[in-house]
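Text of the file final.pdb, holding PDB, C-alpha atoms, pLDDT in the B column:
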ATOM      1  CA  GLY R   1     117.443 120.062 112.090  1.00 36.00           C
ATOM      2  CA  GLY R   2     115.923 117.601 114.504  1.00 36.00           C
ATOM      3  CA  GLY R   3     112.403 116.311 114.968  1.00 37.00           C
ATOM      4  CA  GLY R   4     109.740 115.031 117.301  1.00 36.00           C
ATOM      5  CA  GLY R   5     108.765 111.471 118.106  1.00 36.00           C
ATOM      6  CA  GLY R   6     105.774 109.195 118.462  1.00 38.00           C
ATOM      7  CA  GLY R   7     102.851 108.394 116.240  1.00 41.00           C
ATOM      8  CA  GLY R   8     102.997 111.995 115.134  1.00 40.00           C
ATOM      9  CA  GLY R   9     106.675 111.707 114.306  1.00 45.00           C
ATOM     10  CA  GLY R  10     109.188 114.299 113.232  1.00 51.00           C
ATOM     11  CA  GLY R  11     111.271 115.506 110.356  1.00 50.00           C
ATOM     12  CA  GLY R  12     114.095 117.841 109.605  1.00 51.00           C
ATOM     13  CA  PHE R  13     115.764 120.018 107.065  1.00 47.00           C
ATOM     14  CA  PRO R  14     119.089 121.756 106.508  1.00 46.00           C
ATOM     15  CA  HIS R  15     120.903 123.158 109.516  1.00 40.00           C
ATOM     16  CA  PRO R  16     124.598 124.061 109.565  1.00 35.00           C
ATOM     17  CA  ARG R  17     125.434 121.820 112.550  1.00 37.00           C
ATOM     18  CA  ALA R  18     122.478 119.733 113.609  1.00 35.00           C
ATOM     19  CA  PRO R  19     120.961 116.548 112.163  1.00 36.00           C
ATOM     20  CA  ALA R  20     117.408 116.524 110.928  1.00 40.00           C
ATOM     21  CA  GLY R  21     114.474 115.324 112.986  1.00 44.00           C
ATOM     22  CA  GLY R  22     112.644 112.073 112.624  1.00 43.00           C
ATOM     23  CA  LEU R  23     109.932 109.851 113.989  1.00 37.00           C
ATOM     24  CA  GLY R  24     109.905 108.180 117.361  1.00 36.00           C
ATOM     25  CA  GLY R  25     107.944 105.150 118.459  1.00 36.00           C
ATOM     26  CA  SER R  26     105.915 103.443 121.172  1.00 37.00           C
ATOM     27  CA  PRO R  27     104.918 104.602 123.709  1.00 39.00           C
ATOM     28  CA  PRO R  28     104.905 107.910 121.836  1.00 42.00           C
ATOM     29  CA  PRO R  29     105.913 111.182 123.418  1.00 46.00           C
ATOM     30  CA  PRO R  30     103.703 113.849 121.882  1.00 50.00           C
ATOM     31  CA  PRO R  31     105.252 115.877 119.072  1.00 48.00           C
ATOM     32  CA  PRO R  32     106.087 119.472 120.013  1.00 45.00           C
ATOM     33  CA  ARG R  33     103.053 121.718 119.970  1.00 47.00           C
ATOM     34  CA  PRO R  34     103.005 125.218 118.532  1.00 39.00           C
ATOM     35  CA  ARG R  35     102.578 126.725 122.004  1.00 41.00           C
ATOM     36  CA  GLU R  36     105.808 124.980 123.097  1.00 70.00           C
ATOM     37  CA  GLN R  37     107.874 125.763 120.003  1.00 80.00           C
ATOM     38  CA  VAL R  38     107.133 127.636 116.838  1.00 83.00           C
ATOM     39  CA  LYS R  39     107.906 124.940 114.310  1.00 86.00           C
ATOM     40  CA  ARG R  40     106.693 123.938 110.854  1.00 89.00           C
ATOM     41  CA  VAL R  41     104.842 120.620 110.980  1.00 90.00           C
ATOM     42  CA  LEU R  42     104.818 118.623 107.738  1.00 92.00           C
ATOM     43  CA  SER R  43     103.409 115.353 106.516  1.00 93.00           C
ATOM     44  CA  PRO R  44     105.980 112.743 105.419  1.00 93.00           C
ATOM     45  CA  GLU R  45     105.071 113.384 101.780  1.00 94.00           C
ATOM     46  CA  ALA R  46     105.558 117.151 102.033  1.00 94.00           C
ATOM     47  CA  ALA R  47     108.743 116.734 104.080  1.00 93.00           C
ATOM     48  CA  MET R  48     110.407 114.428 101.584  1.00 94.00           C
ATOM     49  CA  ARG R  49     109.354 116.598  98.639  1.00 93.00           C
ATOM     50  CA  GLU R  50     111.042 119.540 100.326  1.00 92.00           C
ATOM     51  CA  ALA R  51     114.082 117.437 101.227  1.00 92.00           C
ATOM     52  CA  ALA R  52     114.438 116.317  97.608  1.00 91.00           C
ATOM     53  CA  ALA R  53     114.301 119.958  96.474  1.00 90.00           C
ATOM     54  CA  HIS R  54     117.015 120.939  98.968  1.00 90.00           C
ATOM     55  CA  ILE R  55     119.252 118.070  97.857  1.00 90.00           C
ATOM     56  CA  ALA R  56     118.745 118.965  94.200  1.00 89.00           C
ATOM     57  CA  GLU R  57     120.093 122.429  95.070  1.00 88.00           C
ATOM     58  CA  GLY R  58     123.187 120.880  96.661  1.00 89.00           C
ATOM     59  CA  THR R  59     122.109 121.225 100.296  1.00 89.00           C
ATOM     60  CA  ARG R  60     122.681 118.300 102.652  1.00 90.00           C
ATOM     61  CA  VAL R  61     119.604 117.025 104.497  1.00 90.00           C
ATOM     62  CA  ALA R  62     119.352 114.567 107.363  1.00 88.00           C
ATOM     63  CA  VAL R  63     116.455 112.883 109.125  1.00 92.00           C
ATOM     64  CA  LEU R  64     116.845 111.911 112.777  1.00 88.00           C
ATOM     65  CA  PHE R  65     114.776 109.159 114.370  1.00 88.00           C
ATOM     66  CA  GLY R  66     114.544 109.178 118.145  1.00 84.00           C
ATOM     67  CA  PRO R  67     114.424 106.161 120.459  1.00 85.00           C
ATOM     68  CA  GLU R  68     111.080 104.381 120.534  1.00 82.00           C
ATOM     69  CA  ARG R  69     110.661 104.828 124.274  1.00 81.00           C
ATOM     70  CA  THR R  70     111.477 108.530 124.562  1.00 81.00           C
ATOM     71  CA  GLY R  71     111.500 110.024 121.081  1.00 81.00           C
ATOM     72  CA  LEU R  72     113.780 112.962 120.350  1.00 84.00           C
ATOM     73  CA  ALA R  73     115.047 115.244 123.079  1.00 85.00           C
ATOM     74  CA  THR R  74     113.679 118.763 123.255  1.00 85.00           C
ATOM     75  CA  ALA R  75     117.095 120.145 122.345  1.00 85.00           C
ATOM     76  CA  GLU R  76     117.123 118.027 119.171  1.00 85.00           C
ATOM     77  CA  VAL R  77     113.678 119.232 118.245  1.00 85.00           C
ATOM     78  CA  THR R  78     114.783 122.818 118.886  1.00 85.00           C
ATOM     79  CA  LEU R  79     117.575 122.470 116.327  1.00 83.00           C
ATOM     80  CA  SER R  80     115.270 121.131 113.658  1.00 86.00           C
ATOM     81  CA  SER R  81     113.937 123.060 110.715  1.00 87.00           C
ATOM     82  CA  ALA R  82     110.643 121.193 110.786  1.00 89.00           C
ATOM     83  CA  VAL R  83     108.766 118.384 112.485  1.00 88.00           C
ATOM     84  CA  VAL R  84     107.150 115.560 110.555  1.00 89.00           C
ATOM     85  CA  THR R  85     103.857 114.208 111.821  1.00 86.00           C
ATOM     86  CA  VAL R  86     101.914 111.276 110.426  1.00 86.00           C
ATOM     87  CA  PRO R  87      98.113 111.641 110.123  1.00 85.00           C
ATOM     88  CA  VAL R  88      97.329 108.384 111.925  1.00 85.00           C
ATOM     89  CA  ASN R  89      94.069 107.090 113.384  1.00 86.00           C
ATOM     90  CA  PRO R  90      93.624 108.880 116.754  1.00 85.00           C
ATOM     91  CA  ALA R  91      92.595 105.563 118.319  1.00 87.00           C
ATOM     92  CA  PHE R  92      96.019 104.125 117.400  1.00 82.00           C
ATOM     93  CA  PRO R  93      98.363 107.128 117.534  1.00 75.00           C
ATOM     94  CA  SER R  94     101.628 105.177 117.828  1.00 77.00           C
ATOM     95  CA  LEU R  95     104.035 104.033 115.121  1.00 82.00           C
ATOM     96  CA  ASN R  96     107.088 101.972 115.969  1.00 87.00           C
ATOM     97  CA  LEU R  97     110.507 103.002 114.757  1.00 89.00           C
ATOM     98  CA  ALA R  98     110.667 100.493 111.898  1.00 92.00           C
ATOM     99  CA  GLN R  99     107.328 101.709 110.539  1.00 92.00           C
ATOM    100  CA  CYS R 100     108.496 105.299 110.722  1.00 90.00           C
ATOM    101  CA  VAL R 101     111.733 104.566 108.880  1.00 93.00           C
ATOM    102  CA  LEU R 102     109.827 102.623 106.230  1.00 94.00           C
ATOM    103  CA  LEU R 103     107.292 105.426 105.765  1.00 93.00           C
ATOM    104  CA  MET R 104     109.918 108.138 105.425  1.00 94.00           C
ATOM    105  CA  GLY R 105     111.984 105.989 103.091  1.00 94.00           C
ATOM    106  CA  TYR R 106     108.974 105.296 100.894  1.00 93.00           C
ATOM    107  CA  GLU R 107     108.050 108.969 100.673  1.00 94.00           C
ATOM    108  CA  TRP R 108     111.676 109.811  99.919  1.00 92.00           C
ATOM    109  CA  ARG R 109     111.729 107.384  97.008  1.00 91.00           C
ATOM    110  CA  ARG R 110     108.470 108.812  95.673  1.00 90.00           C
ATOM    111  CA  ALA R 111     109.874 112.336  95.868  1.00 91.00           C
ATOM    112  CA  ALA R 112     113.318 111.551  94.482  1.00 87.00           C
ATOM    113  CA  THR R 113     112.487 109.165  91.634  1.00 86.00           C
ATOM    114  CA  GLU R 114     109.910 108.812  88.918  1.00 78.00           C
ATOM    115  CA  VAL R 115     107.487 106.204  90.257  1.00 69.00           C
ATOM    116  CA  GLN R 116     105.500 104.046  87.855  1.00 73.00           C
ATOM    117  CA  HIS R 117     102.080 103.964  89.478  1.00 75.00           C
ATOM    118  CA  GLU R 118     100.732 101.282  87.167  1.00 79.00           C
ATOM    119  CA  THR R 119     102.298  98.709  84.882  1.00 80.00           C
ATOM    120  CA  LEU R 120     100.905  95.809  82.885  1.00 79.00           C
ATOM    121  CA  SER R 121     102.656  92.487  83.476  1.00 82.00           C
ATOM    122  CA  MET R 122     102.562  90.688  80.128  1.00 81.00           C
ATOM    123  CA  GLY R 123     104.221  87.395  80.972  1.00 82.00           C
ATOM    124  CA  LYS R 124     104.934  85.689  77.652  1.00 83.00           C
ATOM    125  CA  SER R 125     102.142  87.535  75.840  1.00 85.00           C
ATOM    126  CA  ALA R 126     102.275  90.651  73.682  1.00 90.00           C
ATOM    127  CA  LEU R 127      99.683  93.356  73.235  1.00 90.00           C
ATOM    128  CA  ALA R 128      97.488  92.723  70.230  1.00 92.00           C
ATOM    129  CA  GLU R 129      97.861  95.001  67.227  1.00 92.00           C
ATOM    130  CA  GLN R 130      94.861  97.253  66.756  1.00 91.00           C
ATOM    131  CA  GLN R 131      94.402  95.828  63.270  1.00 93.00           C
ATOM    132  CA  HIS R 132      93.832  92.364  64.744  1.00 94.00           C
ATOM    133  CA  VAL R 133      91.444  93.747  67.365  1.00 94.00           C
ATOM    134  CA  GLY R 134      89.533  95.493  64.589  1.00 93.00           C
ATOM    135  CA  MET R 135      89.297  92.264  62.560  1.00 95.00           C
ATOM    136  CA  MET R 136      87.976  90.421  65.611  1.00 95.00           C
ATOM    137  CA  LEU R 137      85.355  93.134  66.114  1.00 95.00           C
ATOM    138  CA  ASP R 138      84.337  92.974  62.446  1.00 95.00           C
ATOM    139  CA  HIS R 139      83.876  89.221  62.876  1.00 95.00           C
ATOM    140  CA  LEU R 140      81.783  89.748  66.007  1.00 95.00           C
ATOM    141  CA  ILE R 141      79.602  92.397  64.385  1.00 95.00           C
ATOM    142  CA  ASP R 142      79.028  90.205  61.319  1.00 94.00           C
ATOM    143  CA  GLU R 143      77.814  87.367  63.516  1.00 93.00           C
ATOM    144  CA  LEU R 144      75.635  89.723  65.586  1.00 94.00           C
ATOM    145  CA  ASP R 145      74.138  90.988  62.334  1.00 92.00           C
ATOM    146  CA  ALA R 146      73.293  87.418  61.370  1.00 90.00           C
ATOM    147  CA  ALA R 147      71.628  86.950  64.744  1.00 90.00           C
ATOM    148  CA  ARG R 148      69.665  90.221  64.272  1.00 90.00           C
ATOM    149  CA  PHE R 149      71.214  91.740  67.361  1.00 93.00           C
ATOM    150  CA  PHE R 150      71.159  95.337  66.102  1.00 92.00           C
ATOM    151  CA  PHE R 151      67.495  96.169  66.608  1.00 90.00           C
ATOM    152  CA  PRO R 152      65.902  98.578  66.142  1.00 91.00           C
ATOM    153  CA  GLU R 153      67.949  99.659  63.150  1.00 90.00           C
ATOM    154  CA  ASP R 154      68.108 103.321  64.149  1.00 92.00           C
ATOM    155  CA  LYS R 155      69.962 102.269  67.337  1.00 92.00           C
ATOM    156  CA  ARG R 156      72.605 100.389  65.377  1.00 92.00           C
ATOM    157  CA  PRO R 157      75.230 103.186  65.116  1.00 93.00           C
ATOM    158  CA  SER R 158      75.317 103.832  68.869  1.00 94.00           C
ATOM    159  CA  MET R 159      75.183 100.109  69.704  1.00 95.00           C
ATOM    160  CA  GLU R 160      78.091  99.353  67.383  1.00 94.00           C
ATOM    161  CA  THR R 161      80.100 102.298  68.748  1.00 94.00           C
ATOM    162  CA  ASN R 162      79.565 101.116  72.325  1.00 94.00           C
ATOM    163  CA  LEU R 163      80.513  97.572  71.377  1.00 93.00           C
ATOM    164  CA  ARG R 164      83.737  98.626  69.663  1.00 92.00           C
ATOM    165  CA  ASN R 165      84.634 100.962  72.508  1.00 93.00           C
ATOM    166  CA  LEU R 166      84.097  98.137  75.021  1.00 92.00           C
ATOM    167  CA  PHE R 167      86.935  96.142  73.453  1.00 91.00           C
ATOM    168  CA  GLN R 168      89.147  98.959  72.164  1.00 88.00           C
ATOM    169  CA  ARG R 169      89.659 100.396  75.635  1.00 88.00           C
ATOM    170  CA  GLN R 170      90.947  97.053  76.948  1.00 88.00           C
ATOM    171  CA  SER R 171      94.624  96.071  76.827  1.00 88.00           C
ATOM    172  CA  LEU R 172      93.980  92.901  74.826  1.00 92.00           C
ATOM    173  CA  THR R 173      96.836  90.507  74.120  1.00 93.00           C
ATOM    174  CA  ASP R 174      97.287  88.392  70.990  1.00 93.00           C
ATOM    175  CA  GLN R 175      96.050  85.411  72.982  1.00 93.00           C
ATOM    176  CA  ASP R 176      92.979  87.360  74.130  1.00 94.00           C
ATOM    177  CA  VAL R 177      92.066  88.111  70.517  1.00 95.00           C
ATOM    178  CA  ARG R 178      92.554  84.495  69.436  1.00 95.00           C
ATOM    179  CA  THR R 179      90.418  83.304  72.349  1.00 96.00           C
ATOM    180  CA  LEU R 180      87.647  85.793  71.595  1.00 96.00           C
ATOM    181  CA  ARG R 181      87.617  84.829  67.917  1.00 95.00           C
ATOM    182  CA  GLY R 182      87.323  81.178  68.937  1.00 95.00           C
ATOM    183  CA  ILE R 183      84.412  82.019  71.235  1.00 96.00           C
ATOM    184  CA  ILE R 184      82.636  83.992  68.506  1.00 95.00           C
ATOM    185  CA  ARG R 185      83.146  81.142  66.042  1.00 93.00           C
ATOM    186  CA  ALA R 186      81.862  78.536  68.494  1.00 93.00           C
ATOM    187  CA  LEU R 187      78.765  80.585  69.361  1.00 92.00           C
ATOM    188  CA  ALA R 188      77.996  81.209  65.705  1.00 90.00           C
ATOM    189  CA  GLU R 189      78.638  77.682  64.443  1.00 88.00           C
ATOM    190  CA  GLY R 190      76.892  75.871  67.299  1.00 78.00           C
ATOM    191  CA  PRO R 191      73.333  76.736  66.187  1.00 68.00           C
ATOM    192  CA  ARG R 192      74.276  76.029  62.518  1.00 67.00           C
ATOM    193  CA  ARG R 193      75.561  72.569  63.404  1.00 63.00           C
ATOM    194  CA  ARG R 194      72.416  71.827  65.379  1.00 64.00           C
ATOM    195  CA  ARG R 195      70.257  72.930  62.430  1.00 64.00           C
ATOM    196  CA  GLU R 196      72.334  70.875  59.996  1.00 66.00           C
ATOM    197  CA  GLY R 197      72.253  67.860  62.321  1.00 59.00           C
TER     198      GLY R 197
END
What is this structure when it is put down as structure tokens?
Amino acid sequence: GGGGGGGGGGGGFPHPRAPAGGLGGSPPPPPPRPREQVKRVLSPEAAMREAAAHIAEGTRVAVLFGPERTGLATAEVTLSSAVVTVPVNPAFPSLNLAQCVLLMGYEWRRAATEVQHETLSMGKSALAEQQHVGMMLDHLIDELDAARFFFPEDKRPSMETNLRNLFQRQSLTDQDVRTLRGIIRALAEGPRRRREG
């Protein structure tokens, strides 16, 4: 298939002879409208999901990108299985060719591979064992008890639960736990030293 050009763009899917359609550039010729051609119009995400499914079934798929100045020819669009259009800001409806290639390539990678949407960079640190986090929390709660933090007494269970949950839901490292224990110790021993002094 072939595709339309411009900020809207184009896309394409399997055709026995023709390449698939792609995105054009600036200044953008308008993508084909339904009244001009009956054609499926897809977002880049949907187009690349469908392309990945076709390829997984053994079907070859191509995407054609037209020249920035003119976009794809009508004949190329006619041979396409679908047109890809990008939902851009109407005030800035144009995408250049490099942006279009990048966008389609990114959506292809998302569709064809398992993308890790979030990772935790640890550097030289390691995640703290839950046992060590628990010991740090016990230390904190002991010192808060000494400072009469849990008042009134009937609120203590919910206050302690909230406090433990505050730290347990964090991805604390070994260094984090050591630092927090040092802070707790310094806060607790400071007043004692002043009293003793």
Enumerate, as number ranges by chain, the residues matched when the PyMOL selection byres ((chain R and resi 106-114) around 10) is run on the file above. R: 43-53, 55-56, 100-105, 115-117
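For the set R:Phe65, R:Glu189, R:Ala82, R:Gly134, the residue with the smallest atom-to-atom gap to Gln99 in chain R is R:Phe65, counting all atoms listed in the file.
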To test your reading of the syntax: which residues would the PyMOL selection byres ((chain R and resi 138-142) around 12) return for the file shown? Reply as a PyMOL selection string. chain R and resi 131-137+143-150+156-157+159-164+167+177-178+180-188
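Taking CA of Thr70 in chain R as the reference point, CA of Gln37 in chain R is found at 18.2 Å.
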I'd like the contact shell of range 170-174 of chain R - 9 Å cut-off, all atoms listed in the file, skipping same-chain residues fewer than 6 positions apart - returned as a ChimeraX atom specification. /R:120,122,125-129,132-133
Could you list the residues chosen by the PyMOL selection byres ((chain R and resi 87) around 8) in this structure as a list in words? Gly8, Ser43, Thr85, Val86, Val88 and Asn89 of chain R
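CA of His54 in chain R is positioned 26.7 Å from CA of Leu95 in chain R.
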